[in-house]
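> Sharing entry_19.csv below, CSV, C-alpha atoms:
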```csv
chain,number,residue,atom,x,y,z
Y,1,THR,CA,-3.0,10.8,0.6
Y,2,GLU,CA,-3.1,10.3,4.4
Y,3,ALA,CA,-6.2,9.6,6.5
Y,4,THR,CA,-8.9,11.9,5.2
Y,5,SER,CA,-7.1,15.2,5.6
Y,6,TYR,CA,-3.9,15.3,3.5
Y,7,THR,CA,-3.1,15.2,-0.1
Y,8,ASN,CA,0.4,15.6,-1.6
Y,9,PRO,CA,0.5,19.1,-3.1
Y,10,TYR,CA,2.9,17.7,-5.8
Y,11,PHE,CA,0.9,14.6,-6.6
Y,12,ALA,CA,-0.5,15.8,-10.0
Y,13,GLN,CA,2.9,16.9,-11.2
Y,14,GLN,CA,4.6,13.7,-10.1
Y,15,TYR,CA,1.9,11.3,-11.2
Y,16,ASN,CA,1.3,12.9,-14.6
Y,17,GLY,CA,5.0,13.7,-15.1
Y,18,SER,CA,6.0,10.1,-14.7
Y,19,TYR,CA,3.2,8.9,-16.9
Y,20,ASN,CA,4.2,11.4,-19.6
Y,21,VAL,CA,7.7,10.1,-19.8
Y,22,GLY,CA,6.5,6.5,-20.1
Y,23,MET,CA,7.0,5.2,-16.6
Y,24,ILE,CA,4.7,2.9,-14.8
Y,25,ARG,CA,3.2,4.9,-12.0
Y,26,GLY,CA,1.3,4.4,-8.8
Y,27,ALA,CA,-0.2,6.2,-5.8
Y,28,TYR,CA,-0.3,5.3,-2.1
Y,29,HIS,CA,-2.4,6.0,0.9
Y,30,PHE,CA,-0.8,6.3,4.4
Y,31,ALA,CA,-3.4,4.8,6.7
Y,32,VAL,CA,-4.3,6.4,10.1
Y,33,PRO,CA,-6.8,3.7,11.3
Y,34,ASN,CA,-7.8,5.5,14.5
Y,35,SER,CA,-8.9,8.6,12.6
Y,36,SER,CA,-11.7,7.3,10.4
Y,37,SER,CA,-13.0,4.0,8.8
Y,38,GLY,CA,-11.2,2.0,6.2
Y,39,ARG,CA,-14.1,2.8,3.9
Y,40,ALA,CA,-13.8,6.6,4.4
Y,41,GLN,CA,-10.0,6.5,3.8
Y,42,ALA,CA,-10.3,4.3,0.7
Y,43,ASN,CA,-12.9,6.7,-0.7
Y,44,TYR,CA,-10.7,9.7,0.1
Y,45,PHE,CA,-7.8,8.0,-1.6
Y,46,VAL,CA,-9.7,7.1,-4.8
Y,47,ASP,CA,-11.3,10.6,-4.9
Y,48,ASN,CA,-7.9,12.2,-4.7
Y,49,GLY,CA,-5.9,10.3,-7.3
Y,50,GLY,CA,-5.6,6.8,-5.9
Y,51,GLY,CA,-7.7,5.1,-8.6
Y,52,TRP,CA,-6.6,2.7,-11.2
Y,53,SER,CA,-7.0,2.6,-15.0
Y,54,GLY,CA,-6.3,-0.3,-17.4
Y,55,ASP,CA,-3.8,1.8,-19.4
Y,56,GLY,CA,-0.9,-0.5,-18.7
Y,57,LYS,CA,1.0,2.3,-16.9
Y,58,THR,CA,-0.9,2.6,-13.7
Y,59,LEU,CA,-0.4,0.2,-10.7
Y,60,PRO,CA,-3.3,-0.5,-8.3
Y,61,GLY,CA,-3.1,1.9,-5.3
Y,62,ALA,CA,-1.0,1.0,-2.3
Y,63,LEU,CA,-2.3,0.9,1.3
Y,64,ASP,CA,0.6,1.9,3.6
Y,65,MET,CA,0.1,0.1,6.9
Y,66,GLU,CA,2.9,0.8,9.4
Y,67,TYR,CA,3.8,1.9,12.9
Y,68,ASN,CA,1.8,4.8,14.3
Y,69,PRO,CA,3.9,7.9,14.0
Y,70,TYR,CA,1.3,10.0,16.0
Y,71,GLY,CA,1.3,8.1,19.3
Y,72,ASN,CA,2.8,5.5,21.6
Y,73,ASP,CA,0.6,2.6,20.5
Y,74,PRO,CA,2.1,1.2,17.2
Y,75,CYS,CA,-1.3,-0.4,16.4
Y,76,TYR,CA,-3.3,2.8,16.7
Y,77,GLY,CA,-5.2,1.5,19.8
Y,78,MET,CA,-6.7,-1.5,17.9
Y,79,ASN,CA,-6.4,-5.2,18.6
Y,80,GLN,CA,-5.6,-7.6,15.8
Y,81,ALA,CA,-9.3,-8.3,15.0
Y,82,GLN,CA,-10.1,-4.6,14.8
Y,83,MET,CA,-7.1,-3.8,12.6
Y,84,GLY,CA,-7.8,-6.7,10.3
Y,85,ALA,CA,-11.4,-5.5,10.0
Y,86,TRP,CA,-10.2,-1.9,9.2
Y,87,ILE,CA,-7.9,-3.2,6.5
Y,88,ARG,CA,-10.7,-5.4,5.1
Y,89,ASP,CA,-13.0,-2.3,5.0
Y,90,PHE,CA,-10.4,-0.4,3.0
Y,91,HIS,CA,-9.6,-3.4,0.8
Y,92,ASP,CA,-13.2,-4.1,-0.1
Y,93,THR,CA,-14.1,-0.4,-0.7
Y,94,TYR,CA,-11.1,0.1,-2.9
Y,95,HIS,CA,-12.0,-2.9,-4.9
Y,96,ALA,CA,-15.6,-1.8,-5.3
Y,97,ARG,CA,-14.5,1.6,-6.5
Y,98,THR,CA,-11.7,0.5,-8.9
Y,99,GLY,CA,-12.1,-3.2,-9.7
Y,100,ARG,CA,-8.6,-3.9,-8.4
Y,101,TRP,CA,-7.3,-5.0,-5.0
Y,102,PRO,CA,-4.9,-2.6,-3.4
Y,103,VAL,CA,-1.3,-3.4,-2.9
Y,104,ILE,CA,-0.4,-3.6,0.8
Y,105,TYR,CA,2.8,-1.9,2.0
Y,106,THR,CA,3.9,-3.1,5.4
Y,107,SER,CA,6.7,-4.6,7.4
Y,108,THR,CA,6.6,-8.2,8.7
Y,109,SER,CA,7.1,-7.0,12.3
Y,110,TRP,CA,4.2,-4.5,12.2
Y,111,TRP,CA,1.8,-6.8,10.4
Y,112,ASN,CA,2.4,-9.8,12.7
Y,113,MET,CA,2.0,-7.6,15.8
Y,114,CYS,CA,-1.0,-5.6,14.7
Y,115,VAL,CA,-2.9,-7.9,12.4
Y,116,GLY,CA,-1.4,-11.3,13.0
Y,117,SER,CA,-3.8,-14.0,11.6
Y,118,ALA,CA,-6.9,-11.9,12.1
Y,119,GLN,CA,-7.2,-11.5,8.3
Y,120,SER,CA,-5.4,-13.0,5.3
Y,121,PHE,CA,-4.9,-11.0,2.1
Y,122,GLY,CA,-2.2,-13.1,0.5
Y,123,ASP,CA,-4.5,-14.8,-1.9
Y,124,THR,CA,-5.6,-11.5,-3.6
Y,125,VAL,CA,-3.3,-8.7,-2.5
Y,126,PRO,CA,0.2,-8.0,-3.8
Y,127,LEU,CA,2.6,-7.5,-0.9
Y,128,TRP,CA,5.1,-4.6,-0.8
Y,129,VAL,CA,7.3,-5.5,2.1
Y,130,ALA,CA,9.6,-3.1,3.9
Y,131,ARG,CA,12.7,-4.7,5.2
Y,132,TYR,CA,16.0,-2.7,5.3
Y,133,ALA,CA,18.4,-5.7,5.0
Y,134,ASP,CA,20.3,-7.8,2.5
Y,135,SER,CA,17.3,-10.1,2.0
Y,136,VAL,CA,13.5,-10.0,2.1
Y,137,GLY,CA,13.5,-12.3,5.1
Y,138,SER,CA,10.3,-13.8,6.6
Y,139,LEU,CA,7.0,-12.4,5.2
Y,140,PRO,CA,3.9,-11.2,7.0
Y,141,ASN,CA,1.3,-13.7,8.1
Y,142,GLY,CA,-0.7,-14.8,5.1
Y,143,TRP,CA,1.7,-14.2,2.2
Y,144,GLY,CA,3.8,-16.8,0.5
Y,145,TYR,CA,5.7,-14.3,-1.7
Y,146,HIS,CA,6.3,-10.6,-2.1
Y,147,THR,CA,5.7,-8.5,-5.1
Y,148,ILE,CA,7.9,-5.5,-4.2
Y,149,TRP,CA,10.6,-5.2,-1.6
Y,150,GLN,CA,11.7,-1.9,-0.1
Y,151,TYR,CA,15.2,-2.6,1.0
Y,152,THR,CA,16.5,0.8,2.1
Y,153,SER,CA,15.4,4.3,2.8
Y,154,SER,CA,18.9,5.8,2.5
Y,155,PRO,CA,19.6,8.1,0.8
Y,156,LEU,CA,16.0,7.7,-0.4
Y,157,ASP,CA,13.5,4.8,-0.6
Y,158,GLN,CA,14.7,2.1,-2.9
Y,159,ASN,CA,12.6,-0.9,-4.0
Y,160,SER,CA,12.9,-4.0,-6.1
Y,161,PHE,CA,10.1,-5.7,-8.1
Y,162,ASN,CA,10.0,-9.4,-7.7
Y,163,GLY,CA,9.9,-10.5,-11.3
Y,164,ALA,CA,10.5,-9.5,-14.9
Y,165,TYR,CA,9.3,-6.3,-16.4
Y,166,ASP,CA,6.5,-8.1,-18.2
Y,167,ARG,CA,5.2,-9.1,-14.8
Y,168,LEU,CA,5.2,-5.5,-13.7
Y,169,GLN,CA,3.3,-4.6,-16.8
Y,170,ALA,CA,0.8,-7.4,-16.0
Y,171,LEU,CA,0.3,-5.9,-12.6
Y,172,ALA,CA,-0.4,-2.5,-14.2
Y,173,ASN,CA,-2.7,-4.1,-16.8
Y,174,GLY,CA,-4.8,-6.0,-14.2
```
Rewrite the structure of this file - the entire thing - as structure tokens.

Amino acid sequence: TEATSYTNPYFAQQYNGSYNVGMIRGAYHFAVPNSSSGRAQANYFVDNGGGWSGDGKTLPGALDMEYNPYGNDPCYGMNQAQMGAWIRDFHDTYHARTGRWPVIYTSTSWWNMCVGSAQSFGDTVPLWVARYADSVGSLPNGWGYHTIWQYTSSPLDQNSFNGAYDRLQALANG
């Protein structure tokens, strides 16, 4: 999903298809913080397939926080405190609806610029860090380790889980 207006038309096919062949699956929400509240977007995400079930094959939903593709201000016109509060609103609503904390997908550069130390999620939230390089590098403020690393987008997004398969299963199991 994206904001409170877009759902992937192929979501059901992709989500159910991966599950049916035994893959561990997940869903993500592309945040547009200046369009509606974190609560509204978390509810839209859960209502449109972003929930979680303790079936051992479904990861908690991911909140995609990155540079604003719709304007010149990379932080959507928000200061760090406002952005941190928006993410906390999404985070708390998602947890209330699913019983799980969302995974946060972000880059170190965006997070440190737009959230900084306004909020810390590293104690509860798995980090999916985007860094297209040979190493993970420094992590966003508040995290001591990453769970997933997106290391390239060419020719398509490629990611690495930071652990053994049984740890991925544990993340899916809750």
> What is the atom CA of Gly84 of chain Y-atom CA of Ala31 of chain Y distance in Å, reported with one decimal?
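Here the two named atoms are 12.8 Å from each other.
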> Need to verify the contact set: segment 131-138 of chain Y, 10 Å, only C-alpha atoms, exclusion of same-chain residues closer than 3 positions in sequence. Can you return it as a ChimeraX atom specification?
/Y:106-109,128,141,143-146,148-154,157-159
> May I ask which of the residues Y:Gln13, Y:Asn79, Y:Asn72, Y:Thr147 is the closest one to Ile104 of chain Y, counting only C-alpha atoms?
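Closest to Ile104 of chain Y of all the choices is Y:Thr147.
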> So how many Å separate atom CA of Met83 of chain Y and atom CA of Leu171 of chain Y, to one decimal?
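Separation between atom CA of Met83 of chain Y and atom CA of Leu171 of chain Y: 26.3 Å.
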> Please tabulate, as CSV, the residues of segment 90-117 of chain Y that come within 10 Å of segment 19-28 of chain Y, each with its closest pair of atoms and the distance in Å to one decimal, counting all atoms listed in the file and ordering rows by chain, then residue number upward.

```
residue,atom,partner,partner_atom,distance
Y:Pro102,CA,Y:Tyr28,CA,9.2
Y:Val103,CA,Y:Tyr28,CA,8.8
Y:Ile104,CA,Y:Tyr28,CA,9.4
Y:Tyr105,CA,Y:Tyr28,CA,8.8
```
> So what do you get for atom CA of Gly38 of chain Y versus atom CA of Tyr10 of chain Y, distance-wise?
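Value for the atom CA of Gly38 of chain Y-atom CA of Tyr10 of chain Y distance: 24.3 Å.
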> With only C-alpha atoms counted, which protein, DNA or RNA residues have an atom no more than 10 Å from (-8.6, -4.0, -8.6) in the file frame? Please answer as a PyMOL selection string.
chain Y and resi 51-54+59-61+91-92+94-103+124-125+171+174
> Give me, as an MDAnalysis selection string, all polymer residues having an atom no more than 10 Å from Cys75 of chain Y, counting only C-alpha atoms and skipping those fewer than 2 positions away in the same chain.
chainID Y and resid 32:34 65:68 71:73 77:80 82:83 110:111 113:115
> Looking at Y:Ser18, Y:Thr93, Y:Thr7, Y:Thr58, which one is nearest to Ala42 of chain Y, with distances taken over all atoms listed in the file?
Y:Thr93
> Kindly indicate which residue among Y:Arg88, Y:Leu139, Y:Gly163, Y:Pro9 lies nearest to Phe121 of chain Y, using only C-alpha atoms for the distances.
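Going through Y:Arg88, Y:Leu139, Y:Gly163, Y:Pro9 one by one, the smallest distance to Phe121 of chain Y is for Y:Arg88.
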> Can you report as AutoDock Vina command-line options the centre and edge lengths in Å, to one decimal, of an axis-aligned box around the listed atoms of segment 10-21 of chain Y padded with 6 Å on each side?

```
--center_x 3.6 --center_y 13.3 --center_z -12.8 --size_x 20.2 --size_y 20.8 --size_z 26.0
```
> Identify, on the basis of all atoms listed in the file, every residue whose closest approach to Tyr44 of chain Y does not exceed 9 Å; exclude the query and any residue fewer than 2 positions from it along the same chain; express the result as a PyMOL selection string.
chain Y and resi 1-5+39-42+46-50
> Which one is closest to Lys57 of chain Y: Y:Asn43, Y:Tyr70, Y:Tyr15, Y:Phe161? Count only C-alpha atoms.
Y:Tyr15
> Smallest atom-to-atom distance to Ser36 of chain Y: which of Y:Tyr165, Y:Phe11, Y:Trp86, Y:Tyr6, using all atoms listed in the file?
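Residue with the minimum atom-to-atom distance to Ser36 of chain Y: Y:Trp86.
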